[in-house]
Every structure is written in structure tokens, then in C-alpha cells.
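Working notes, beginning with the structure itself.
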There are 2 protein chains.
Amino acid sequence: MKLMPRSLLGGINALGYEPLRKAIASYVGVSRGVRCDPEQVVITSGAQQGIELIAKLLLDPNDRVAIEEPGYSPARRVFEFAGARMTFIPTDSSGINIASVGIDHSPHRLVYVTPSSQWPLGMTMTLARRLELLQWTRRHKAWILEDDYNGEYRYRGRPLPALHTLDEYGRVIYMGTFSKVLFPALRLGYLIVPSQHSGAFENAHWLADQHSSLAEQMVLADFIEEGHFARHIRRMRTLYAARQDAMYSAIHRYLSDYVDFVRRETGQHTVLTPKSEAANNQLIATAKHVKIEYHTVSMYAANAQSRGIILGFAAFTERQIQMAVRRWAEALQ
Amino acid sequence: MKLMPRSLLGGINALGYEPLRKAIASYVGVSRGVRCDPEQVVITSGAQQGIELIAKLLLDPNDRVAIEEPGYSPARRVFEFAGARMTFIPTDSSGINIASVGIDHSPHRLVYVTPSSQWPLGMTMTLARRLELLQWTRRHKAWILEDDYNGEYRYRGRPLPALHTLDEYGRVIYMGTFSKVLFPALRLGYLIVPSQHSGAFENAHWLADQHSSLAEQMVLADFIEEGHFARHIRRMRTLYAARQDAMYSAIHRYLSDYVDFVRRETGQHTVLTPKSEAANNQLIATAKHVKIEYHTVSMYAANAQSRGIILGFAAFTERQIQMAVRRWAEALQ
């Protein structure tokens with residue numbers, strides 16, 4: 001990295017640091033088959049800002065926005081803050097079930113989805129469902145925000161084409177983030193937007209904060225260009241796959257009387273579905289004792305009755321995972 | 001600085017990095033007499049994000065917002081984007097002339113002002129005008145956003161008490177920035193907000209981008225705590241005062257047939273007022289030839305007829321300034 005280049009003194013493009021935009025355009029092409037020009041890449045201060053910019057540019061108050069149920073509630077909160085009315089679309093093992101929304105439903109302006117690894121349940125949206133969703137949004141003249149927050153961490157199975165790749169009408173905005181892949185405090189993400197709209201994003205980004213942290217953008221561009229990023233992902237994918245295995249083995253061995261679970265192909269967390277309300281309450285009560293941190297599915301659901309316990313495994317060694325689950329099971333007895 | 005502390009891995013306060021909030025609370029107390037607790041400090045991604053958060057939290061569509069004329073148009077654009085109706089308040093050598101707005105005017109929700117160094121004209125708002133403004137906003141039950149973007153660079157004259165200090169009703173939000181004092185690409189600024197509203201700012205900041213760049217916040221906190229920041233300001237104040245002198249001398253010597261100007265006590269730029277429309281056109285035409293970069297006052301005015309040429313001097317040596325103005329004068333002949 002060049003020390004204190006002239007660009008630090010002003011005149012920075014709100015869309016982002018040029019070499020980083022090029023690196024991302026090339027990265028999403030190779031790793032996800034998302035074809036785009038660097039001009040379509042909008043660098044954001046994390047995916048959160050990407051969602052905010054979308055809400056600001058695409059939504060008017062009272063517009064309808066569809067989101068998965070359960071789904072990523074921080075996105076929902078942004079849409080609600082912008083005055084949108086939400087539709088919660090059921091999900092099943094194939095992903096969002098858009099067909100469950102009646103054909104006569106009032107038109108939607110935006111659908112927010114997480115096809116490669118549904119948040120929080122972790123399933124992959126099938127190809128049939130992807131095509132169905134594209135058709136549905138076309139009928140509604142809606143936009144799709146495809147949040148691929150975790151596309152890097154697929155351990156098994158072949159990735160399906162992104163909605164962005166399948167879309168023939170330029171209605172899909174693809175979103176990625178570096179916060180999940182590198183470290184959470186790194187607030188850098190990106191949107192891939194239709195070329196004709198990049199001016200609007202530039203304007204809205206400038207009004208929001210002029211541009212995302214340039215120092216971090218420059219370091220990240222070098223990190224990608226010098227090959228560290230690709231190496232990091234390969235290394236972490238192996239590591240996390242082993243940790244996911246450890247998590248599933250431990251749950252299977254120690255908790256299978258209490259919970260159901262589905263082995264997922266992706267993700268940095270596991271979802272346990274307690275077999276009963278009683279099992280759920282017992283698990284929650286004992287988790288605190290053995291210092292297991294968790295989220296609940298209901299934190300991400302419009303329906304507060306949704307059962308499910310979300311456990312992150314990426315930050316712990318296989319031994320820590322095995323020990324923690326065993327201690328938890330012991331506390332249950 | 002600690003390398004990769006746990007805080008980089010998550011759980012960061014959207015209001016900002018605690019040690020930086022403390023450093024700022026203490027800094028504004030000492031340097032500006034703005035009394036506050038660290039809990040009232042909201043770290044933002046530059047002043048621009050501060051303005052955005054204010055617009056998001058305080059304004060409903062069609063609310064009235066008052067701004068100086070001429071004034072800081074990036075702020076105006078944020079308010080307009082949020083659906084506000086603008087009132088442009090005339091300024092004179094004492095600052096904003098709020099009395100010119102009739103007493104029966106419909107109520108305002110917010111007034112945006114730059115009291116210590118009016119943008120772009122550079123005058124200091126007098127004490128009488130500050131008190132008048134506070135009274136006016138009290139009658140309107142309005143908020144004041146006091147943008148003290150340039151309070152660090154006062155070369156002559158004693159600073160007047162901030163509106164925030166004079167305010168007895170907790171209706172002034174004070175805003176500062178590090179982008180102007182350090183370097184523009186550093187997107188860090190801060191708001192001082194009433195304690196009871198810091199939760200709302202935390203929420204809105206989180207929804208906007210979770211938090212501002214933590215790496216930059218940590219470096220800046222150390223930079224302030226270790227005394228570099230205070231030394232930097234002292235050094236730059238001396239340097240910029242000399243450059244401002246050089247600018248005024250050169251204008252006086254070479255351009256006084258064409259322009260009027262007022263010697264200001266603050267700022268990093270000078271405003272020239274051409275004596276006639278012809279002089280204005282000549283100055284603009286020749287500036288391009290001799291590669292002088294400028295803004296115009298009309299870029300910051302609702303009234304496009306406003307005359308005035310804005311010249312930054314902070315980035316140039318005294319010799320460069322003197323030479324550039326001389327070349328400009330020569331080109332005029």
C-alpha cells in the first residue's frame with residue numbers, strides 16, 4: 001500500500017476505491033458466476049449500509065416488501081424504519097415458498113432473500129424455487145435483494161447459480177460482505193447494481209457518509225490482489241467444515257433425545273429444533289449455566305412462537321465444541 | 001494500540017469506541033467549553049453521517065428546516081432527500097439573521113447553522129445573534145444542529161460560547177468532524193446529543209452501518225490520548241494563519257481592483273466578492289487558464305445569483321499562494 005496517497009486528501013468516489021471495485025467484480029465472477037463490470041460495484045460500509053441504501057433508493061412509505069419467515073431481522077428493521085409494509089413468506093426445506101402468497105396479492109416493490117444459505121435456518125434455495133421467485137417478482141415488477149452473506153462457506157454440494165445470474169431482466173441486486181468472511185468489525189460489503197442506477201447509488205452513498213473507510217478499502221484491495229483473501233477462504237473453509245462436523249457429531253451423540261437438526265451444506269452456525277416446548281425451556285435454562293451463547297430463531301421471526309436455538313461454531317475448536325455440548329447434555333440430566 | 005483485540009470480533013457499540021468517546025468529551029470541554037458526558041457522544045462516519053442521522057431521527061416528511069443562505073448545501077440535500085421543506089435565512093456580517101423570518105412563520109422543526117465560521121462566507125455569529133436564534137428556536141420548539149466543522153482553526157479573536165453552551169433547554173445538537181482537521185478521507189465525526197436520546201441514535205446508527213470504522217476509531221483515540229492531535233492542531237493553526245495572511249496580502253496587492261474581501265478570523269478558505277458581473281466573469285474565465293481551483297458561492301446558495309469565489313489556501317505554501325494570485329492577476333490584464 002502506498003502511504004498517504006493523494007486520494008486520501010479528497011475527491012474520492014462515493015462508489016468506492018477503484019482497485020477494490022475491480023477486485024470484487026473479478027472475484028464474484030470467478031467464485032459465484034456473477035458477471036458484472038467494476039462500474040456496477042458499490043462498496044458499502046458493511047451489508048447493513050447496502051440494505052439501507054436499497055431502502056432509501058427503492059422504497060416509498062407504504063411500499064410492500066417481502067422477507068423470509070424466519071428471516072434476517074436487521075434487514076426487516078431497516079425496511080420498516082423506511083415505512084414499508086412487510087409480508088412474511090414461509091420457508092421450507094427448499095427455501096422461500098413464494099407460491100404461498102396468493103396470486104392476487106397487492107404488488108410488492110422488493111423481496112429480500114438469502115438463497116445460498118437461508119438466514120437463520122441454513123437451507124439452500126432450490127433451482128425450481130429460484131426460477132419461481134424470479135417469475136413472481138417479474139409479475140410484481142419488484143426488485144430482489146439477493147443477500148449472499150455467506151456464499152464463501154459451502155462445505156458440501158455444488159453451489160446453484162445466483163439469482164443475479166439467472167435473472168434476465170436486471171431486477172436482482174446482489175449483495176456480499178467481508179464482515180462475515182474476515183472479521184465482524186470490518187464494515188465493508190458491496191452491492192452489484194444495474195449500470196444505469198449506479199449514479200443514484202453514488203449520490204445516496206455520498207449523502208449518507210461520503211464514502212466507506214478508504215484506509216480499510218485500500219488494505220482490503222491489496223489483501224485480495226495479493227492472494228491472501230483466496231488463501232484465507234480456502235483455509236477457513238477447511239477449518240469450519242471440520243468444526244461443523246464436530247458440532248453435528250456432538251449434537252447427534254449428546255442431544256439427539258432433545259432436538260432435531262438438519263445437516264446443512266453451508267454456514268457458520270447450526271440450528272437445533274427442540275422436540276418439545278419442555279425440551280426447549282430446559283435447553284435454554286441450562287445453556288446459561290454452562291455458559292453457552294446462543295440466539296433463538298424467534299429473534300429472527302415475525303411469529304414469536306418459532307422454536308429453534310442458533311449456535312455459532314466458527315469461533316471454537318473442535319475440542320471446545322465437543323466439550324461444550326457434552327457439558328450442556330450433562331446439565332440437562 | 002492492541003493488535004486485533006476481542007472488540008474487533010463483534011459486540012461493538014454503535015455509538016462508538018468507548019475510549020474515543022471519552023477523549024472527545026474531554027476535548028470539546030477543554031477546547032470549546034461544550035460540557036457533556038461520554039454517553040452523549042455519538043461517533044459518526046464523518047459529519048455527513050451526523051447530518052443523515054439527525055434527518056432520520058428528527059424529521060418527518062414536510063417538516064420545515066431552516067438553513068443559512070448561502071449555506072452548506074450537502075446538509076440541505078440530506079434534509080430535502082428526507083422530504084423537508086427548506087427555509088433559506090439571510091446572513092449578514094453578524095451571521096444568520098433569524099429576525100428576518102416573520103414571527104408568524106409556520107413552525108420549524110430544525111435549524112442548521114455554522115456559528116463559529118459560517119459556511120461558506122466565514123463570519124462568526126455574534127453573541128446577540130446566538131441568543132436571538134436560541135429564543136426563536138424555543139418559540140418554534142425546534143432543534144438546532146450546530147455544525148462546528150472548523151472550530152479548530154481560529155487565528156484571531158476570542159471564540160464565543162457555543163450555542164450548545166448557551167442553550168438552557170437541551171435543544172442544541174453539537175457536531176464536530178475530524179475530516180477537516182486531519183484529512184478528508186478520514187470519515188470520522190461526532191454529535192453531542194441529549195442523554196435521553198442517545199438510545200435512538202444508537203439504534204439509527206446500527207441500522208445505517210452498525211458502527212463507524214473501528215480500526216480508524218482506535219487509531220484516532222490513541223492519536224488524541226498521546227497528545228499528537230493537540231500538537232497537530234497547534235502546528236496547523238500557525239501554518240494556516242500564515243497561509244491565510246499570504247492569501248490576503250496577495251489579494252490585496254494583485255486583485256483589489258476586481259474584488260472585495262473581508263478578513264476573517266477563521267477558516268481554511270477565502271471568499272472573493274467580484275466588484276461587478278464583468279469582473280466575476282473575467283475572474284472565472286482566467287482561473288481556468290492559470291489552473292486555479294475554486295468553488296463558487298452560488299454552489300452553496302439557493303439564490304443562483306449570489307456572487308463570490310471560494311479559494312482554499314490550507315493546502316498550499318505561502319509562496320505558491322502568492323505566485324498563483326499574481327499569475328491570475330496577470331492573466332486578467
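Ordering of the C-alpha cells sets the chain letters (A, B, ...), residue numbers begin anew at 1 in every chain, and ligands are numbered from 1 in the order given.
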
Sorted by chain and rising residue number, list the residues of chain A at most 7 Å from chain B (counting only C-alpha atoms), each with its closest atom pair and distance in Å to one decimal, as a Markdown table.
```
| residue | atom | partner | partner_atom | distance |
| --- | --- | --- | --- | --- |
| A:Leu8 | CA | B:Ala185 | CA | 4.8 |
| A:Leu9 | CA | B:Pro184 | CA | 5.4 |
| A:Gly10 | CA | B:Pro184 | CA | 5.5 |
| A:Ser45 | CA | B:Asp209 | CA | 5.8 |
| A:Gly46 | CA | B:Asp209 | CA | 6.3 |
| A:Gln48 | CA | B:Asp209 | CA | 5.1 |
| A:Gln49 | CA | B:Asp209 | CA | 4.7 |
| A:Glu52 | CA | B:Ala208 | CA | 6.0 |
| A:Val78 | CA | B:Leu207 | CA | 6.2 |
| A:Phe183 | CA | B:Leu9 | CA | 5.8 |
| A:Pro184 | CA | B:Leu9 | CA | 5.4 |
| A:Ala185 | CA | B:Leu8 | CA | 4.8 |
| A:Arg187 | CA | B:Ser213 | CA | 6.5 |
| A:Leu207 | CA | B:Val78 | CA | 6.2 |
| A:Ala208 | CA | B:Gln49 | CA | 5.4 |
| A:Asp209 | CA | B:Gln49 | CA | 4.7 |
| A:Gln210 | CA | B:Gln48 | CA | 6.7 |
| A:Ser213 | CA | B:Ser213 | CA | 6.4 |
| A:Leu214 | CA | B:Ala185 | CA | 6.4 |
```

Requested in this report: Could you please write out, as a list in words, every residue of range 174-321 of chain B that DSSP assigns to strand (DSSP E or B)?
Outcome: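 Matching residues, listed in order: Tyr174, Met175, Gly176, Thr177, Gly189, Tyr190, Leu191, Ile192, Val259, Asp260, Thr266, His269, Thr270, Val271, Leu272, Thr273, Pro274, His295, Thr296, Ile309, Ile310, Leu311 and Gly312 of chain B.
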
Report task. Using only C-alpha atoms, determine which residues lie at most 12 Å from range 265-267 of chain A, disregarding the query and same-chain residues fewer than 6 positions distant; provide the list as a PyMOL selection string. Result -> chain A and resi 114-125+148-160+180-181+236-237+240-241+243-245+248+310-314

Could you turn the residues from that selection into a file that holds N, CA, C and O atoms, as a short mmCIF file (atom, residue, chain, number, x, y, z; two decimals), in the first residue's frame?
```
data_model
loop_
_atom_site.label_atom_id
_atom_site.label_comp_id
_atom_site.auth_asym_id
_atom_site.auth_seq_id
_atom_site.Cartn_x
_atom_site.Cartn_y
_atom_site.Cartn_z
N THR A 114 -32.11 -14.79 1.04
CA THR A 114 -30.77 -15.30 1.29
C THR A 114 -30.67 -16.70 0.68
O THR A 114 -30.68 -17.71 1.40
N PRO A 115 -30.57 -16.78 -0.66
CA PRO A 115 -30.73 -18.08 -1.33
C PRO A 115 -29.61 -19.08 -1.05
O PRO A 115 -29.89 -20.27 -0.94
N SER A 116 -28.36 -18.65 -0.93
CA SER A 116 -27.33 -19.69 -0.84
C SER A 116 -27.22 -20.28 0.55
O SER A 116 -26.68 -21.38 0.71
N SER A 117 -27.74 -19.58 1.54
CA SER A 117 -27.71 -20.12 2.90
C SER A 117 -28.74 -19.34 3.70
O SER A 117 -28.43 -18.28 4.24
N GLN A 118 -29.95 -19.85 3.73
CA GLN A 118 -31.05 -19.08 4.31
C GLN A 118 -30.73 -18.66 5.73
O GLN A 118 -30.30 -19.48 6.55
N TRP A 119 -30.91 -17.36 6.03
CA TRP A 119 -30.73 -16.89 7.40
C TRP A 119 -32.08 -16.92 8.10
O TRP A 119 -33.01 -16.33 7.59
N PRO A 120 -32.21 -17.60 9.26
CA PRO A 120 -31.17 -18.31 10.00
C PRO A 120 -31.15 -19.82 9.81
O PRO A 120 -30.31 -20.47 10.40
N LEU A 121 -32.06 -20.37 8.98
CA LEU A 121 -32.21 -21.83 9.01
C LEU A 121 -31.16 -22.59 8.21
O LEU A 121 -30.95 -23.78 8.44
N GLY A 122 -30.52 -21.95 7.24
CA GLY A 122 -29.35 -22.54 6.61
C GLY A 122 -29.57 -23.35 5.34
O GLY A 122 -28.60 -23.81 4.74
N MET A 123 -30.84 -23.56 4.93
CA MET A 123 -31.03 -24.35 3.70
C MET A 123 -30.66 -23.54 2.46
O MET A 123 -30.63 -22.32 2.49
N THR A 124 -30.41 -24.29 1.36
CA THR A 124 -30.12 -23.66 0.08
C THR A 124 -31.42 -23.60 -0.72
O THR A 124 -32.15 -24.59 -0.77
N MET A 125 -31.69 -22.47 -1.34
CA MET A 125 -32.90 -22.35 -2.15
C MET A 125 -32.71 -23.19 -3.42
O MET A 125 -31.69 -23.05 -4.10
N ASP A 148 -26.05 -12.56 -0.29
CA ASP A 148 -25.20 -13.76 -0.32
C ASP A 148 -24.13 -13.61 0.76
O ASP A 148 -22.94 -13.71 0.50
N TYR A 149 -24.61 -13.40 1.99
CA TYR A 149 -23.71 -13.06 3.09
C TYR A 149 -22.72 -14.16 3.43
O TYR A 149 -21.73 -13.93 4.10
N ASN A 150 -23.01 -15.36 2.96
CA ASN A 150 -22.21 -16.49 3.45
C ASN A 150 -21.82 -17.44 2.33
O ASN A 150 -21.54 -18.60 2.56
N GLY A 151 -21.83 -16.93 1.10
CA GLY A 151 -21.56 -17.78 -0.05
C GLY A 151 -20.18 -18.42 -0.01
O GLY A 151 -19.94 -19.44 -0.65
N GLU A 152 -19.27 -17.82 0.74
CA GLU A 152 -17.90 -18.35 0.80
C GLU A 152 -17.83 -19.69 1.51
O GLU A 152 -16.94 -20.50 1.25
N TYR A 153 -18.75 -19.92 2.45
CA TYR A 153 -18.61 -21.10 3.30
C TYR A 153 -19.63 -22.19 2.97
O TYR A 153 -20.59 -22.43 3.67
N ARG A 154 -19.37 -22.83 1.83
CA ARG A 154 -20.14 -24.00 1.41
C ARG A 154 -19.19 -25.19 1.54
O ARG A 154 -18.11 -25.21 0.96
N TYR A 155 -19.61 -26.18 2.33
CA TYR A 155 -18.72 -27.30 2.64
C TYR A 155 -19.00 -28.52 1.80
O TYR A 155 -18.15 -29.36 1.60
N ARG A 156 -20.23 -28.65 1.35
CA ARG A 156 -20.65 -29.82 0.57
C ARG A 156 -21.64 -29.35 -0.49
O ARG A 156 -22.30 -28.33 -0.30
N GLY A 157 -21.78 -30.13 -1.53
CA GLY A 157 -22.79 -29.83 -2.54
C GLY A 157 -22.29 -28.72 -3.46
O GLY A 157 -21.45 -27.92 -3.10
N ARG A 158 -22.83 -28.70 -4.66
CA ARG A 158 -22.40 -27.68 -5.62
C ARG A 158 -23.26 -26.44 -5.46
O ARG A 158 -24.46 -26.53 -5.27
N PRO A 159 -22.64 -25.25 -5.54
CA PRO A 159 -23.46 -24.04 -5.45
C PRO A 159 -24.39 -23.94 -6.65
O PRO A 159 -24.02 -24.35 -7.76
N LEU A 160 -25.58 -23.43 -6.44
CA LEU A 160 -26.51 -23.19 -7.54
C LEU A 160 -26.24 -21.81 -8.13
O LEU A 160 -25.67 -20.95 -7.46
N LYS A 180 -18.39 -11.03 7.46
CA LYS A 180 -18.56 -12.42 7.86
C LYS A 180 -17.33 -13.24 7.51
O LYS A 180 -17.01 -14.22 8.15
N VAL A 181 -16.67 -12.89 6.40
CA VAL A 181 -15.56 -13.70 5.90
C VAL A 181 -14.27 -13.34 6.60
O VAL A 181 -13.42 -14.19 6.83
N MET A 236 -10.07 -21.29 5.86
CA MET A 236 -11.20 -21.23 6.79
C MET A 236 -12.28 -22.24 6.42
O MET A 236 -12.94 -22.80 7.28
N ARG A 237 -12.44 -22.47 5.12
CA ARG A 237 -13.48 -23.40 4.69
C ARG A 237 -13.17 -24.80 5.24
O ARG A 237 -14.05 -25.49 5.75
N TYR A 240 -13.66 -24.58 9.12
CA TYR A 240 -15.07 -24.50 9.54
C TYR A 240 -15.81 -25.80 9.22
O TYR A 240 -16.72 -26.20 9.96
N ALA A 241 -15.44 -26.46 8.11
CA ALA A 241 -16.08 -27.74 7.77
C ALA A 241 -15.83 -28.73 8.90
O ALA A 241 -16.74 -29.45 9.34
N ARG A 243 -15.17 -27.99 11.99
CA ARG A 243 -15.90 -27.54 13.18
C ARG A 243 -17.40 -27.85 13.06
O ARG A 243 -18.04 -28.21 14.04
N GLN A 244 -17.90 -27.72 11.85
CA GLN A 244 -19.31 -28.07 11.63
C GLN A 244 -19.53 -29.56 11.88
O GLN A 244 -20.48 -29.95 12.56
N ASP A 245 -18.60 -30.39 11.37
CA ASP A 245 -18.66 -31.83 11.62
C ASP A 245 -18.66 -32.11 13.12
O ASP A 245 -19.46 -32.91 13.61
N TYR A 248 -22.05 -31.28 14.58
CA TYR A 248 -23.09 -32.26 14.28
C TYR A 248 -22.87 -33.55 15.06
O TYR A 248 -23.81 -34.14 15.60
N ILE A 310 -29.97 -21.19 17.92
CA ILE A 310 -28.91 -20.97 16.93
C ILE A 310 -27.56 -20.97 17.65
O ILE A 310 -27.36 -20.19 18.58
N LEU A 311 -26.67 -21.85 17.20
CA LEU A 311 -25.35 -21.96 17.84
C LEU A 311 -24.25 -21.70 16.81
O LEU A 311 -24.16 -22.40 15.81
N GLY A 312 -23.43 -20.72 17.06
CA GLY A 312 -22.28 -20.47 16.19
C GLY A 312 -21.18 -21.46 16.52
O GLY A 312 -20.95 -21.78 17.68
N PHE A 313 -20.50 -21.97 15.48
CA PHE A 313 -19.39 -22.90 15.76
C PHE A 313 -18.06 -22.40 15.21
O PHE A 313 -17.01 -22.92 15.53
N ALA A 314 -18.10 -21.35 14.36
CA ALA A 314 -16.90 -20.97 13.62
C ALA A 314 -15.77 -20.50 14.53
O ALA A 314 -14.60 -20.66 14.20
#
```

Report task. Give the helix (DSSP H, G or I) residues of range 38-225 of chain A, as assigned by DSSP on the backbone, as a PyMOL selection string. Result -> chain A and resi 38-40+46-58+73-81+98-100+127-140+163-166+195-209+214-225

**Report entry** d(CA of Val65 in chain B, CA of Gly170 in chain B) in Å
**Finding:**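 Value for the CA of Val65 in chain B-CA of Gly170 in chain B distance: 18.2 Å.
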
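Using only C-alpha atoms, the nearest neighbour of Arg64 in chain A within the list A:Ser106, A:Thr317, A:Ser94, A:Ser31 is A:Ser106.
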